[in-house]
file upload-v3.json (JSON, C-alpha atoms)
[["chain", "number", "residue", "atom", "x", "y", "z"],
["N", 12, "MET", "CA", -7.33, 35.60, -195.43],
["N", 13, "GLN", "CA", -6.72, 34.92, -191.77],
["N", 14, "LYS", "CA", -6.13, 38.62, -191.10],
["N", 15, "LYS", "CA", -9.43, 39.53, -192.78],
["N", 16, "LYS", "CA", -11.32, 37.03, -190.63],
["N", 17, "PHE", "CA", -9.75, 38.53, -187.50],
["N", 18, "LYS", "CA", -10.90, 42.00, -188.54],
["N", 19, "LEU", "CA", -14.46, 40.70, -188.85],
["N", 20, "LEU", "CA", -14.38, 39.05, -185.42],
["N", 21, "GLY", "CA", -14.67, 42.31, -183.44],
["N", 22, "PRO", "CA", -17.75, 43.66, -185.26],
["N", 23, "LEU", "CA", -19.41, 40.22, -185.02],
["N", 24, "ILE", "CA", -18.84, 40.17, -181.24],
["N", 25, "CYS", "CA", -20.28, 43.70, -180.98],
["N", 26, "LEU", "CA", -23.31, 42.61, -183.02],
["N", 27, "LEU", "CA", -23.84, 39.60, -180.72],
["N", 28, "THR", "CA", -23.69, 41.98, -177.72],
["N", 29, "ALA", "CA", -26.40, 44.20, -179.25],
["N", 30, "VAL", "CA", -28.54, 41.11, -179.95],
["N", 31, "ILE", "CA", -28.23, 39.91, -176.32],
["N", 32, "TRP", "CA", -29.01, 43.36, -174.90],
["N", 33, "GLY", "CA", -32.02, 43.75, -177.21],
["N", 34, "SER", "CA", -33.32, 40.27, -176.42],
["N", 35, "GLY", "CA", -33.35, 41.08, -172.70],
["N", 36, "PHE", "CA", -36.11, 43.71, -172.97],
["N", 37, "PRO", "CA", -39.01, 41.22, -173.50],
["N", 38, "PHE", "CA", -37.80, 39.27, -170.44],
["N", 39, "GLN", "CA", -37.85, 42.51, -168.44],
["N", 40, "ASP", "CA", -41.42, 43.02, -169.66],
["N", 41, "ILE", "CA", -42.39, 39.54, -168.42],
["N", 42, "VAL", "CA", -41.11, 40.36, -164.93],
["N", 43, "GLY", "CA", -42.82, 43.76, -165.08],
["N", 44, "LYS", "CA", -46.21, 42.03, -165.42],
["N", 45, "ASP", "CA", -45.75, 40.07, -162.19],
["N", 46, "THR", "CA", -45.41, 42.99, -159.76],
["N", 47, "ALA", "CA", -47.52, 41.17, -157.16],
["N", 48, "ASN", "CA", -44.71, 38.63, -156.60],
["N", 49, "ILE", "CA", -41.48, 40.36, -157.63],
["N", 50, "ASP", "CA", -40.71, 44.04, -157.44],
["N", 51, "ASN", "CA", -38.51, 46.24, -159.60],
["N", 52, "PHE", "CA", -35.74, 46.60, -156.99],
["N", 53, "SER", "CA", -35.43, 42.89, -156.19],
["N", 54, "PHE", "CA", -35.40, 41.84, -159.84],
["N", 55, "ASN", "CA", -32.56, 44.24, -160.66],
["N", 56, "GLY", "CA", -30.73, 43.29, -157.46],
["N", 57, "ILE", "CA", -30.80, 39.58, -158.24],
["N", 58, "ARG", "CA", -29.78, 39.97, -161.88],
["N", 59, "PHE", "CA", -26.87, 42.31, -161.09],
["N", 60, "LEU", "CA", -25.59, 39.98, -158.37],
["N", 61, "ILE", "CA", -25.75, 37.11, -160.87],
["N", 62, "GLY", "CA", -23.84, 39.27, -163.37],
["N", 63, "GLY", "CA", -21.15, 39.97, -160.77],
["N", 64, "ILE", "CA", -20.80, 36.28, -159.92],
["N", 65, "ILE", "CA", -20.46, 35.43, -163.62],
["N", 66, "LEU", "CA", -17.57, 37.91, -163.99],
["N", 67, "ILE", "CA", -15.50, 36.52, -161.06],
["N", 68, "PRO", "CA", -14.00, 33.56, -162.98],
["N", 69, "VAL", "CA", -13.57, 35.80, -166.04],
["N", 70, "PHE", "CA", -11.25, 38.31, -164.33],
["N", 71, "LEU", "CA", -9.48, 35.54, -162.40],
["N", 72, "ILE", "CA", -8.53, 33.96, -165.74],
["N", 73, "PHE", "CA", -7.97, 36.99, -167.97],
["N", 74, "GLU", "CA", -6.96, 39.78, -165.57],
["N", 75, "LYS", "CA", -4.10, 38.51, -163.42],
["N", 76, "GLU", "CA", -2.23, 41.86, -163.28],
["N", 77, "LYS", "CA", 1.13, 40.22, -164.09],
["N", 78, "ASN", "CA", 2.35, 43.27, -166.02],
["N", 79, "THR", "CA", 1.46, 45.79, -163.30],
["N", 80, "PRO", "CA", 4.41, 46.81, -161.05],
["N", 81, "LYS", "CA", 3.89, 45.94, -157.38],
["N", 82, "ASN", "CA", 4.09, 49.58, -156.26],
["N", 83, "GLU", "CA", 1.28, 50.47, -158.68],
["N", 84, "LEU", "CA", -0.94, 47.44, -158.07],
["N", 85, "LYS", "CA", -2.42, 48.48, -154.72],
["N", 86, "PRO", "CA", -3.39, 52.04, -155.84],
["N", 87, "LYS", "CA", -4.85, 50.63, -159.05],
["N", 88, "LEU", "CA", -7.00, 48.11, -157.17],
["N", 89, "LYS", "CA", -8.11, 50.86, -154.76],
["N", 90, "ARG", "CA", -9.17, 53.07, -157.69],
["N", 91, "THR", "CA", -10.92, 50.11, -159.28],
["N", 92, "ALA", "CA", -12.96, 49.49, -156.12],
["N", 93, "ILE", "CA", -13.90, 53.16, -155.53],
["N", 94, "PHE", "CA", -14.78, 53.89, -159.16],
["N", 95, "GLY", "CA", -16.64, 50.58, -159.43],
["N", 96, "VAL", "CA", -18.87, 51.55, -156.50],
["N", 97, "ILE", "CA", -19.66, 54.96, -158.04],
["N", 98, "SER", "CA", -20.42, 53.42, -161.43],
["N", 99, "GLY", "CA", -22.55, 50.73, -159.78],
["N", 100, "ALA", "CA", -24.66, 53.36, -158.02],
["N", 101, "LEU", "CA", -25.30, 55.12, -161.36],
["N", 102, "LEU", "CA", -26.13, 51.78, -162.97],
["N", 103, "ALA", "CA", -28.58, 50.88, -160.18],
["N", 104, "VAL", "CA", -30.52, 54.16, -160.53],
["N", 105, "SER", "CA", -30.66, 53.85, -164.32],
["N", 106, "ALA", "CA", -31.79, 50.22, -164.29],
["N", 107, "VAL", "CA", -34.52, 50.88, -161.69],
["N", 108, "LEU", "CA", -35.89, 53.77, -163.78],
["N", 109, "GLN", "CA", -35.82, 51.63, -166.93],
["N", 110, "GLN", "CA", -37.60, 48.68, -165.34],
["N", 111, "ALA", "CA", -40.22, 50.98, -163.77],
["N", 112, "GLY", "CA", -40.88, 52.49, -167.20],
["N", 113, "ILE", "CA", -41.29, 49.05, -168.79],
["N", 114, "GLN", "CA", -43.68, 48.01, -166.01],
["N", 115, "LEU", "CA", -45.89, 51.05, -166.58],
["N", 116, "THR", "CA", -45.99, 50.92, -170.39],
["N", 117, "GLY", "CA", -45.66, 47.18, -171.04],
["N", 118, "GLU", "CA", -43.88, 47.98, -174.32],
["N", 119, "SER", "CA", -40.32, 46.64, -174.20],
["N", 120, "GLY", "CA", -39.52, 47.48, -177.83],
["N", 121, "LYS", "CA", -40.35, 51.15, -177.35],
["N", 122, "ALA", "CA", -38.34, 51.18, -174.11],
["N", 123, "GLY", "CA", -35.36, 49.79, -176.01],
["N", 124, "PHE", "CA", -35.43, 52.64, -178.51],
["N", 125, "ILE", "CA", -35.96, 55.37, -175.91],
["N", 126, "THR", "CA", -33.07, 53.93, -173.89],
["N", 127, "GLY", "CA", -30.95, 54.27, -177.04],
["N", 128, "PHE", "CA", -31.43, 58.03, -176.76],
["N", 129, "TYR", "CA", -28.31, 58.00, -174.54],
["N", 130, "LEU", "CA", -26.27, 57.89, -177.75],
["N", 131, "ILE", "CA", -27.60, 61.36, -178.54],
["N", 132, "ILE", "CA", -27.29, 62.67, -174.97],
["N", 133, "LEU", "CA", -23.71, 61.46, -174.64],
["N", 134, "PRO", "CA", -21.96, 63.70, -177.23],
["N", 135, "VAL", "CA", -23.94, 66.77, -176.13],
["N", 136, "ALA", "CA", -22.94, 66.17, -172.50],
["N", 137, "MET", "CA", -19.30, 65.69, -173.52],
["N", 138, "LEU", "CA", -19.42, 69.06, -175.32],
["N", 139, "ILE", "CA", -20.88, 70.88, -172.31],
["N", 140, "MET", "CA", -18.70, 69.22, -169.67],
["N", 141, "PHE", "CA", -15.40, 68.63, -171.46],
["N", 142, "LYS", "CA", -15.56, 70.89, -174.55],
["N", 143, "GLN", "CA", -15.33, 67.86, -176.88],
["N", 144, "LYS", "CA", -17.06, 69.00, -180.06],
["N", 145, "PRO", "CA", -19.23, 66.36, -181.75],
["N", 146, "SER", "CA", -19.58, 66.03, -185.51],
["N", 147, "ILE", "CA", -22.20, 67.91, -187.54],
["N", 148, "PHE", "CA", -24.10, 64.64, -187.82],
["N", 149, "VAL", "CA", -24.92, 64.77, -184.09],
["N", 150, "TRP", "CA", -26.69, 68.12, -184.49],
["N", 151, "ILE", "CA", -28.65, 66.65, -187.41],
["N", 152, "ALA", "CA", -29.50, 63.58, -185.32],
["N", 153, "ILE", "CA", -30.90, 65.48, -182.31],
["N", 154, "PRO", "CA", -34.08, 66.86, -183.98],
["N", 155, "ILE", "CA", -34.61, 63.53, -185.77],
["N", 156, "SER", "CA", -34.41, 61.67, -182.45],
["N", 157, "LEU", "CA", -36.81, 64.11, -180.79],
["N", 158, "LEU", "CA", -39.29, 63.53, -183.63],
["N", 159, "GLY", "CA", -38.83, 59.80, -183.17],
["N", 160, "LEU", "CA", -39.51, 60.12, -179.43],
["N", 161, "TYR", "CA", -42.67, 62.04, -180.27],
["N", 162, "PHE", "CA", -44.03, 59.21, -182.42],
["N", 163, "LEU", "CA", -42.99, 56.61, -179.84],
["N", 164, "SER", "CA", -44.16, 58.32, -176.67],
["N", 165, "VAL", "CA", -46.85, 60.90, -177.44],
["N", 166, "THR", "CA", -50.33, 59.56, -177.97],
["N", 167, "LYS", "CA", -52.80, 60.98, -180.51],
["N", 168, "ASP", "CA", -54.37, 63.14, -177.79],
["N", 169, "PHE", "CA", -50.90, 64.57, -176.98],
["N", 170, "LYS", "CA", -50.43, 62.73, -173.68],
["N", 171, "ILE", "CA", -47.01, 61.37, -172.74],
["N", 172, "GLN", "CA", -47.02, 58.25, -170.57],
["N", 173, "LEU", "CA", -45.23, 58.36, -167.23],
["N", 174, "GLY", "CA", -43.38, 55.17, -168.16],
["N", 175, "ASP", "CA", -41.88, 56.88, -171.22],
["N", 176, "ILE", "CA", -40.58, 59.73, -169.03],
["N", 177, "LEU", "CA", -38.96, 57.24, -166.63],
["N", 178, "VAL", "CA", -37.24, 55.40, -169.50],
["N", 179, "LEU", "CA", -36.00, 58.72, -170.90],
["N", 180, "LEU", "CA", -34.60, 59.58, -167.45],
["N", 181, "CYS", "CA", -32.86, 56.21, -167.42],
["N", 182, "ALA", "CA", -31.21, 57.19, -170.73],
["N", 183, "PHE", "CA", -29.73, 60.24, -168.97],
["N", 184, "GLY", "CA", -28.58, 57.94, -166.14],
["N", 185, "PHE", "CA", -26.88, 55.54, -168.54],
["N", 186, "SER", "CA", -25.23, 58.53, -170.25],
["N", 187, "ALA", "CA", -23.79, 59.69, -166.92],
["N", 188, "GLN", "CA", -22.55, 56.18, -166.19],
["N", 189, "MET", "CA", -20.91, 55.86, -169.62],
["N", 190, "ILE", "CA", -19.21, 59.25, -169.32],
["N", 191, "PHE", "CA", -17.86, 58.21, -165.93],
["N", 192, "VAL", "CA", -16.54, 54.91, -167.33],
["N", 193, "ASP", "CA", -14.97, 56.79, -170.24],
["N", 194, "ARG", "CA", -13.08, 59.07, -167.84],
["N", 195, "VAL", "CA", -11.81, 56.32, -165.50],
["N", 196, "GLY", "CA", -11.59, 53.29, -167.82],
["N", 197, "ASN", "CA", -7.85, 53.60, -168.48],
["N", 198, "ARG", "CA", -7.06, 53.89, -164.76],
["N", 199, "VAL", "CA", -8.72, 50.67, -163.56],
["N", 200, "SER", "CA", -8.70, 46.92, -164.10],
["N", 201, "ILE", "CA", -11.74, 46.83, -166.36],
["N", 202, "LEU", "CA", -13.10, 43.36, -165.52],
["N", 203, "LYS", "CA", -12.65, 43.83, -161.76],
["N", 204, "PHE", "CA", -14.22, 47.26, -162.19],
["N", 205, "SER", "CA", -17.22, 45.66, -163.95],
["N", 206, "CYS", "CA", -17.56, 43.03, -161.25],
["N", 207, "THR", "CA", -17.48, 45.68, -158.49],
["N", 208, "GLN", "CA", -20.02, 47.73, -160.45],
["N", 209, "PHE", "CA", -22.46, 44.80, -160.66],
["N", 210, "PHE", "CA", -22.13, 43.84, -156.99],
["N", 211, "THR", "CA", -22.65, 47.47, -155.94],
["N", 212, "ALA", "CA", -25.72, 47.86, -158.16],
["N", 213, "GLY", "CA", -27.06, 44.53, -156.93],
["N", 214, "ALA", "CA", -26.54, 45.42, -153.26],
["N", 215, "ILE", "CA", -28.25, 48.82, -153.63],
["N", 216, "CYS", "CA", -31.24, 47.33, -155.45],
["N", 217, "MET", "CA", -31.60, 44.46, -152.98],
["N", 218, "LEU", "CA", -31.50, 46.90, -150.05],
["N", 219, "LEU", "CA", -34.26, 48.97, -151.66],
["N", 220, "GLY", "CA", -36.13, 45.72, -152.32],
["N", 221, "VAL", "CA", -36.00, 44.77, -148.64],
["N", 222, "ILE", "CA", -37.31, 48.21, -147.63],
["N", 223, "PHE", "CA", -39.88, 48.90, -150.34],
["N", 224, "GLY", "CA", -40.30, 45.65, -152.27],
["N", 225, "ASN", "CA", -42.52, 42.61, -152.11],
["N", 226, "LEU", "CA", -40.26, 39.77, -153.27],
["N", 227, "THR", "CA", -41.71, 36.30, -152.72],
["N", 228, "TRP", "CA", -40.36, 32.82, -153.39],
["N", 229, "GLN", "CA", -43.18, 32.36, -155.87],
["N", 230, "GLY", "CA", -42.00, 35.49, -157.65],
["N", 231, "ILE", "CA", -38.52, 34.01, -158.05],
["N", 232, "THR", "CA", -39.77, 30.63, -159.28],
["N", 233, "ASN", "CA", -42.32, 32.19, -161.65],
["N", 234, "ASN", "CA", -39.65, 34.42, -163.19],
["N", 235, "ILE", "CA", -36.58, 32.22, -162.91],
["N", 236, "LEU", "CA", -35.96, 32.22, -166.68],
["N", 237, "PRO", "CA", -36.10, 36.04, -167.09],
["N", 238, "ILE", "CA", -33.96, 36.49, -163.95],
["N", 239, "LEU", "CA", -31.30, 34.05, -165.14],
["N", 240, "TYR", "CA", -31.31, 35.38, -168.69],
["N", 241, "CYS", "CA", -31.02, 39.02, -167.65],
["N", 242, "GLY", "CA", -28.36, 38.13, -165.07],
["N", 243, "VAL", "CA", -26.21, 35.68, -167.03],
["N", 244, "MET", "CA", -26.69, 37.01, -170.57],
["N", 245, "SER", "CA", -27.77, 40.69, -170.47],
["N", 246, "ALA", "CA", -25.45, 41.56, -167.57],
["N", 247, "GLY", "CA", -22.50, 39.16, -167.23],
["N", 248, "ALA", "CA", -22.01, 37.73, -170.73],
["N", 249, "ALA", "CA", -22.98, 40.82, -172.75],
["N", 250, "TYR", "CA", -20.75, 43.17, -170.74],
["N", 251, "THR", "CA", -17.80, 40.80, -171.15],
["N", 252, "LEU", "CA", -18.45, 40.55, -174.89],
["N", 253, "GLN", "CA", -18.68, 44.34, -175.05],
["N", 254, "ASN", "CA", -15.16, 44.69, -173.63],
["N", 255, "ILE", "CA", -13.73, 42.09, -176.02],
["N", 256, "GLY", "CA", -15.54, 43.54, -179.03],
["N", 257, "GLN", "CA", -14.35, 47.08, -178.31],
["N", 258, "LYS", "CA", -10.72, 45.91, -178.17],
["N", 259, "LEU", "CA", -11.03, 44.40, -181.66],
["N", 260, "THR", "CA", -13.18, 47.12, -183.26],
["N", 261, "PRO", "CA", -12.68, 50.87, -183.91],
["N", 262, "PRO", "CA", -14.73, 52.89, -181.36],
["N", 263, "ALA", "CA", -16.99, 54.55, -183.95],
["N", 264, "VAL", "CA", -17.86, 51.21, -185.57],
["N", 265, "ALA", "CA", -18.45, 49.52, -182.19],
["N", 266, "SER", "CA", -20.78, 52.31, -181.01],
["N", 267, "LEU", "CA", -22.75, 52.16, -184.25],
["N", 268, "ILE", "CA", -23.27, 48.41, -183.88],
["N", 269, "PHE", "CA", -24.24, 48.70, -180.19],
["N", 270, "ALA", "CA", -26.86, 51.26, -181.26],
["N", 271, "LEU", "CA", -28.80, 48.42, -182.91],
["N", 272, "GLU", "CA", -29.85, 47.27, -179.41],
["N", 273, "GLY", "CA", -33.17, 49.13, -179.75],
["N", 274, "LEU", "CA", -33.92, 47.56, -183.11],
["N", 275, "PHE", "CA", -33.35, 44.07, -181.72],
["N", 276, "ALA", "CA", -35.54, 44.92, -178.70],
["N", 277, "THR", "CA", -38.46, 45.63, -181.05],
["N", 278, "ILE", "CA", -37.78, 42.49, -183.11],
["N", 279, "PHE", "CA", -37.67, 40.23, -180.05],
["N", 280, "GLU", "CA", -40.79, 41.89, -178.62],
["N", 281, "CYS", "CA", -42.70, 40.91, -181.76],
["N", 282, "ILE", "CA", -41.27, 37.35, -181.71],
["N", 283, "PHE", "CA", -41.74, 36.46, -178.04],
["N", 284, "GLU", "CA", -44.82, 38.50, -177.16],
["N", 285, "GLY", "CA", -46.69, 37.96, -180.41],
["N", 286, "SER", "CA", -47.43, 41.66, -180.76],
["N", 287, "ALA", "CA", -47.30, 43.75, -183.92],
["N", 288, "PRO", "CA", -45.92, 47.32, -183.72],
["N", 289, "THR", "CA", -48.28, 50.17, -184.62],
["N", 290, "LYS", "CA", -47.60, 52.56, -187.50],
["N", 291, "ARG", "CA", -46.57, 55.28, -185.05],
["N", 292, "ALA", "CA", -44.18, 52.88, -183.32],
["N", 293, "ILE", "CA", -42.64, 51.86, -186.65],
["N", 294, "ILE", "CA", -42.15, 55.48, -187.74],
["N", 295, "GLY", "CA", -40.73, 56.44, -184.35],
["N", 296, "SER", "CA", -38.42, 53.41, -184.28],
["N", 297, "VAL", "CA", -37.06, 54.13, -187.76],
["N", 298, "LEU", "CA", -36.44, 57.80, -186.90],
["N", 299, "MET", "CA", -34.69, 56.87, -183.63],
["N", 300, "LEU", "CA", -32.54, 54.29, -185.42],
["N", 301, "VAL", "CA", -31.56, 56.81, -188.12],
["N", 302, "ALA", "CA", -30.72, 59.41, -185.46],
["N", 303, "VAL", "CA", -28.63, 56.98, -183.43],
["N", 304, "LEU", "CA", -26.69, 55.83, -186.51],
["N", 305, "LEU", "CA", -26.11, 59.45, -187.61],
["N", 306, "SER", "CA", -24.81, 60.37, -184.18],
["N", 307, "GLN", "CA", -22.10, 57.74, -184.43],
["N", 308, "ILE", "CA", -20.58, 58.92, -187.74],
["N", 309, "PRO", "CA", -17.15, 60.28, -186.76],
["N", 310, "LYS", "CA", -16.18, 63.79, -187.75],
["N", 311, "LYS", "CA", -13.34, 64.29, -190.21],
["N", 312, "GLU", "CA", -10.08, 65.26, -188.55],
["N", 313, "LYS", "CA", -8.14, 68.13, -190.14],
["N", 314, "THR", "CA", -4.75, 67.03, -191.41],
["N", 315, "PRO", "CA", -1.89, 69.28, -190.25]]

call {"tool": "encode", "arguments": {"input": "upload-v3.json", "output": "structure tokens"}}
result
Amino acid sequence: MQKKKFKLLGPLICLLTAVIWGSGFPFQDIVGKDTANIDNFSFNGIRFLIGGIILIPVFLIFEKEKNTPKNELKPKLKRTAIFGVISGALLAVSAVLQQAGIQLTGESGKAGFITGFYLIILPVAMLIMFKQKPSIFVWIAIPISLLGLYFLSVTKDFKIQLGDILVLLCAFGFSAQMIFVDRVGNRVSILKFSCTQFFTAGAICMLLGVIFGNLTWQGITNNILPILYCGVMSAGAAYTLQNIGQKLTPPAVASLIFALEGLFATIFECIFEGSAPTKRAIIGSVLMLVAVLLSQIPKKEKTP
């Protein structure tokens, strides 16, 4: 019985991660409506810096590098720092595009689903770049996801909103960041890597905020709850839970559960913002969810 409970722990942690990520979208929408006092760059900068600070005690406790030989420790830490900076730059670009899209559309639930399109982009990119063939279910999922995007983003007079295009671009950015992490993940100290990634993303966004932004003290005080939630929960806590959940859960199962992020984004949008989704949004959301779930079904391996 104890072994069965342990097997359930990983999927439950992954589910909690998806819930936290999804719940962060309405808070991003709240900040997006106060552009007069807090800009896109500064918001992302502050929340990523908070996420990095949250991870410092985590890697100090759980990632002490006791098992790494001394002659390998310095090169490993150097790789961790360099790769963390690269990943942080990709994360900063993606997050800025996502927040800009949410600001323009004001629909966090739809943004959550369009962001989830990275789960379709990812296997196609892996095929083109690294010749890793996805399952037949991915090819079935691609047209379904495109149809879902149509219902979510294209209005009745066939006009696509600029915000939807920015969120879709952010999905490509997140795909690039995830591919990079997949290629370097086994060569770095993952928690230190995550911390470096957050501090890099935060520094880039804050620099852009100083140059182009309009951050005010009133903007920080007015949005202190969204800033803290997106920094502590969506960034620091959720990313840590993601790492723990993936260690206890098969990759295909973990990815499928993480894909529910978009569904939870829509649910929390309805709860916190008191808005009801339109018929087109419901149809598009269902199609996107089906496509994302299909894309995560692993292909059958041929037995020798």

call {"tool": "closest_atom_pairs", "arguments": {"input": "upload-v3.json", "of": "region 178-269 of chain N", "to": "region 57-65 of chain N", "cutoff": "6 Å", "atoms": "all atoms listed in the file", "output": "CSV"}}
result
residue,atom,partner,partner_atom,distance
N:Cys206,CA,N:Gly63,CA,4.7
N:Phe209,CA,N:Gly63,CA,5.0
N:Phe210,CA,N:Leu60,CA,5.4
N:Gly213,CA,N:Phe59,CA,4.7
N:Ile238,CA,N:Arg58,CA,5.8
N:Cys241,CA,N:Arg58,CA,6.0
N:Gly242,CA,N:Arg58,CA,3.9
N:Val243,CA,N:Gly62,CA,5.6
N:Ala246,CA,N:Gly62,CA,5.0
N:Gly247,CA,N:Gly62,CA,4.1

call {"tool": "closest_residue", "arguments": {"input": "upload-v3.json", "among": "N:Leu226, N:Ile235, N:Ile24, N:Val192", "to": "Gln39 (chain N)", "atoms": "all atoms listed in the file"}}
result
N:Ile235

call {"tool": "closest_residue", "arguments": {"input": "upload-v3.json", "among": "N:Thr79, N:Ser156, N:Thr91, N:Ser146", "to": "Val301 (chain N)", "atoms": "all atoms listed in the file"}}
result
N:Ser156

call {"tool": "residues_around", "arguments": {"input": "upload-v3.json", "residues": "Ile294 (chain N)", "least_positions_apart": "6", "cutoff": "10 Å", "atoms": "only C-alpha atoms", "output": "list in words"}}
result
Leu158, Gly159, Leu160, Tyr161, Phe162, Leu163, Pro288 and Leu300 of chain N

call {"tool": "write_last_selection", "arguments": {"input": "upload-v3.json", "atoms": "C-alpha atoms", "output": "short mmCIF file (atom, residue, chain, number, x, y, z; two decimals), in the frame of the given file"}}
result
data_model
loop_
_atom_site.label_atom_id
_atom_site.label_comp_id
_atom_site.auth_asym_id
_atom_site.auth_seq_id
_atom_site.Cartn_x
_atom_site.Cartn_y
_atom_site.Cartn_z
CA LEU N 158 -39.29 63.53 -183.63
CA GLY N 159 -38.83 59.80 -183.17
CA LEU N 160 -39.51 60.12 -179.43
CA TYR N 161 -42.67 62.04 -180.27
CA PHE N 162 -44.03 59.21 -182.42
CA LEU N 163 -42.99 56.61 -179.84
CA PRO N 288 -45.92 47.32 -183.72
CA LEU N 300 -32.54 54.29 -185.42
#

call {"tool": "atom_distance", "arguments": {"input": "upload-v3.json", "atom1": "CA of Thr28 (chain N)", "atom2": "CA of Ala249 (chain N)"}}
result
5.2 Å

call {"tool": "residues_around", "arguments": {"input": "upload-v3.json", "residues": "Arg198 (chain N)", "least_positions_apart": "2", "cutoff": "9 Å", "atoms": "all atoms listed in the file", "output": "PyMOL selection string"}}
result
chain N and resi 87+90-91+194-196+200-201

call {"tool": "closest_atom_pairs", "arguments": {"input": "upload-v3.json", "of": "region 151-194 of chain N", "to": "region 99-122 of chain N", "cutoff": "10 Å", "atoms": "only C-alpha atoms", "output": "JSON lines"}}
result
{"residue": "N:Leu160", "atom": "CA", "partner": "N:Lys121", "partner_atom": "CA", "distance": 9.2}
{"residue": "N:Leu163", "atom": "CA", "partner": "N:Lys121", "partner_atom": "CA", "distance": 6.6}
{"residue": "N:Ser164", "atom": "CA", "partner": "N:Lys121", "partner_atom": "CA", "distance": 8.1}
{"residue": "N:Gln172", "atom": "CA", "partner": "N:Thr116", "partner_atom": "CA", "distance": 7.4}
{"residue": "N:Leu173", "atom": "CA", "partner": "N:Gly112", "partner_atom": "CA", "distance": 7.3}
{"residue": "N:Gly174", "atom": "CA", "partner": "N:Gly112", "partner_atom": "CA", "distance": 3.8}
{"residue": "N:Asp175", "atom": "CA", "partner": "N:Gly112", "partner_atom": "CA", "distance": 6.0}
{"residue": "N:Ile176", "atom": "CA", "partner": "N:Gly112", "partner_atom": "CA", "distance": 7.5}
{"residue": "N:Leu177", "atom": "CA", "partner": "N:Gly112", "partner_atom": "CA", "distance": 5.2}
{"residue": "N:Val178", "atom": "CA", "partner": "N:Gln109", "partner_atom": "CA", "distance": 4.8}
{"residue": "N:Leu179", "atom": "CA", "partner": "N:Gln109", "partner_atom": "CA", "distance": 8.1}
{"residue": "N:Leu180", "atom": "CA", "partner": "N:Leu108", "partner_atom": "CA", "distance": 7.0}
{"residue": "N:Cys181", "atom": "CA", "partner": "N:Ser105", "partner_atom": "CA", "distance": 4.5}
{"residue": "N:Ala182", "atom": "CA", "partner": "N:Ser105", "partner_atom": "CA", "distance": 7.2}
{"residue": "N:Phe183", "atom": "CA", "partner": "N:Ser105", "partner_atom": "CA", "distance": 8.0}
{"residue": "N:Gly184", "atom": "CA", "partner": "N:Ser105", "partner_atom": "CA", "distance": 4.9}
{"residue": "N:Phe185", "atom": "CA", "partner": "N:Ser105", "partner_atom": "CA", "distance": 5.9}
{"residue": "N:Ser186", "atom": "CA", "partner": "N:Ser105", "partner_atom": "CA", "distance": 9.3}
{"residue": "N:Ala187", "atom": "CA", "partner": "N:Leu101", "partner_atom": "CA", "distance": 7.4}
{"residue": "N:Gln188", "atom": "CA", "partner": "N:Leu101", "partner_atom": "CA", "distance": 5.7}
{"residue": "N:Met189", "atom": "CA", "partner": "N:Leu101", "partner_atom": "CA", "distance": 9.4}
{"residue": "N:Phe191", "atom": "CA", "partner": "N:Leu101", "partner_atom": "CA", "distance": 9.3}

call {"tool": "atom_distance", "arguments": {"input": "upload-v3.json", "atom1": "CA of Pro237 (chain N)", "atom2": "CA of Phe38 (chain N)"}}
result
5.0 Å

call {"tool": "closest_residue", "arguments": {"input": "upload-v3.json", "among": "N:Ile151, N:Leu236, N:Leu259, N:Leu202", "to": "Ile72 (chain N)", "atoms": "all atoms listed in the file"}}
result
N:Leu202

call {"tool": "atom_distance", "arguments": {"input": "upload-v3.json", "atom1": "CA of Glu74 (chain N)", "atom2": "CA of Ala92 (chain N)"}}
result
14.8 Å
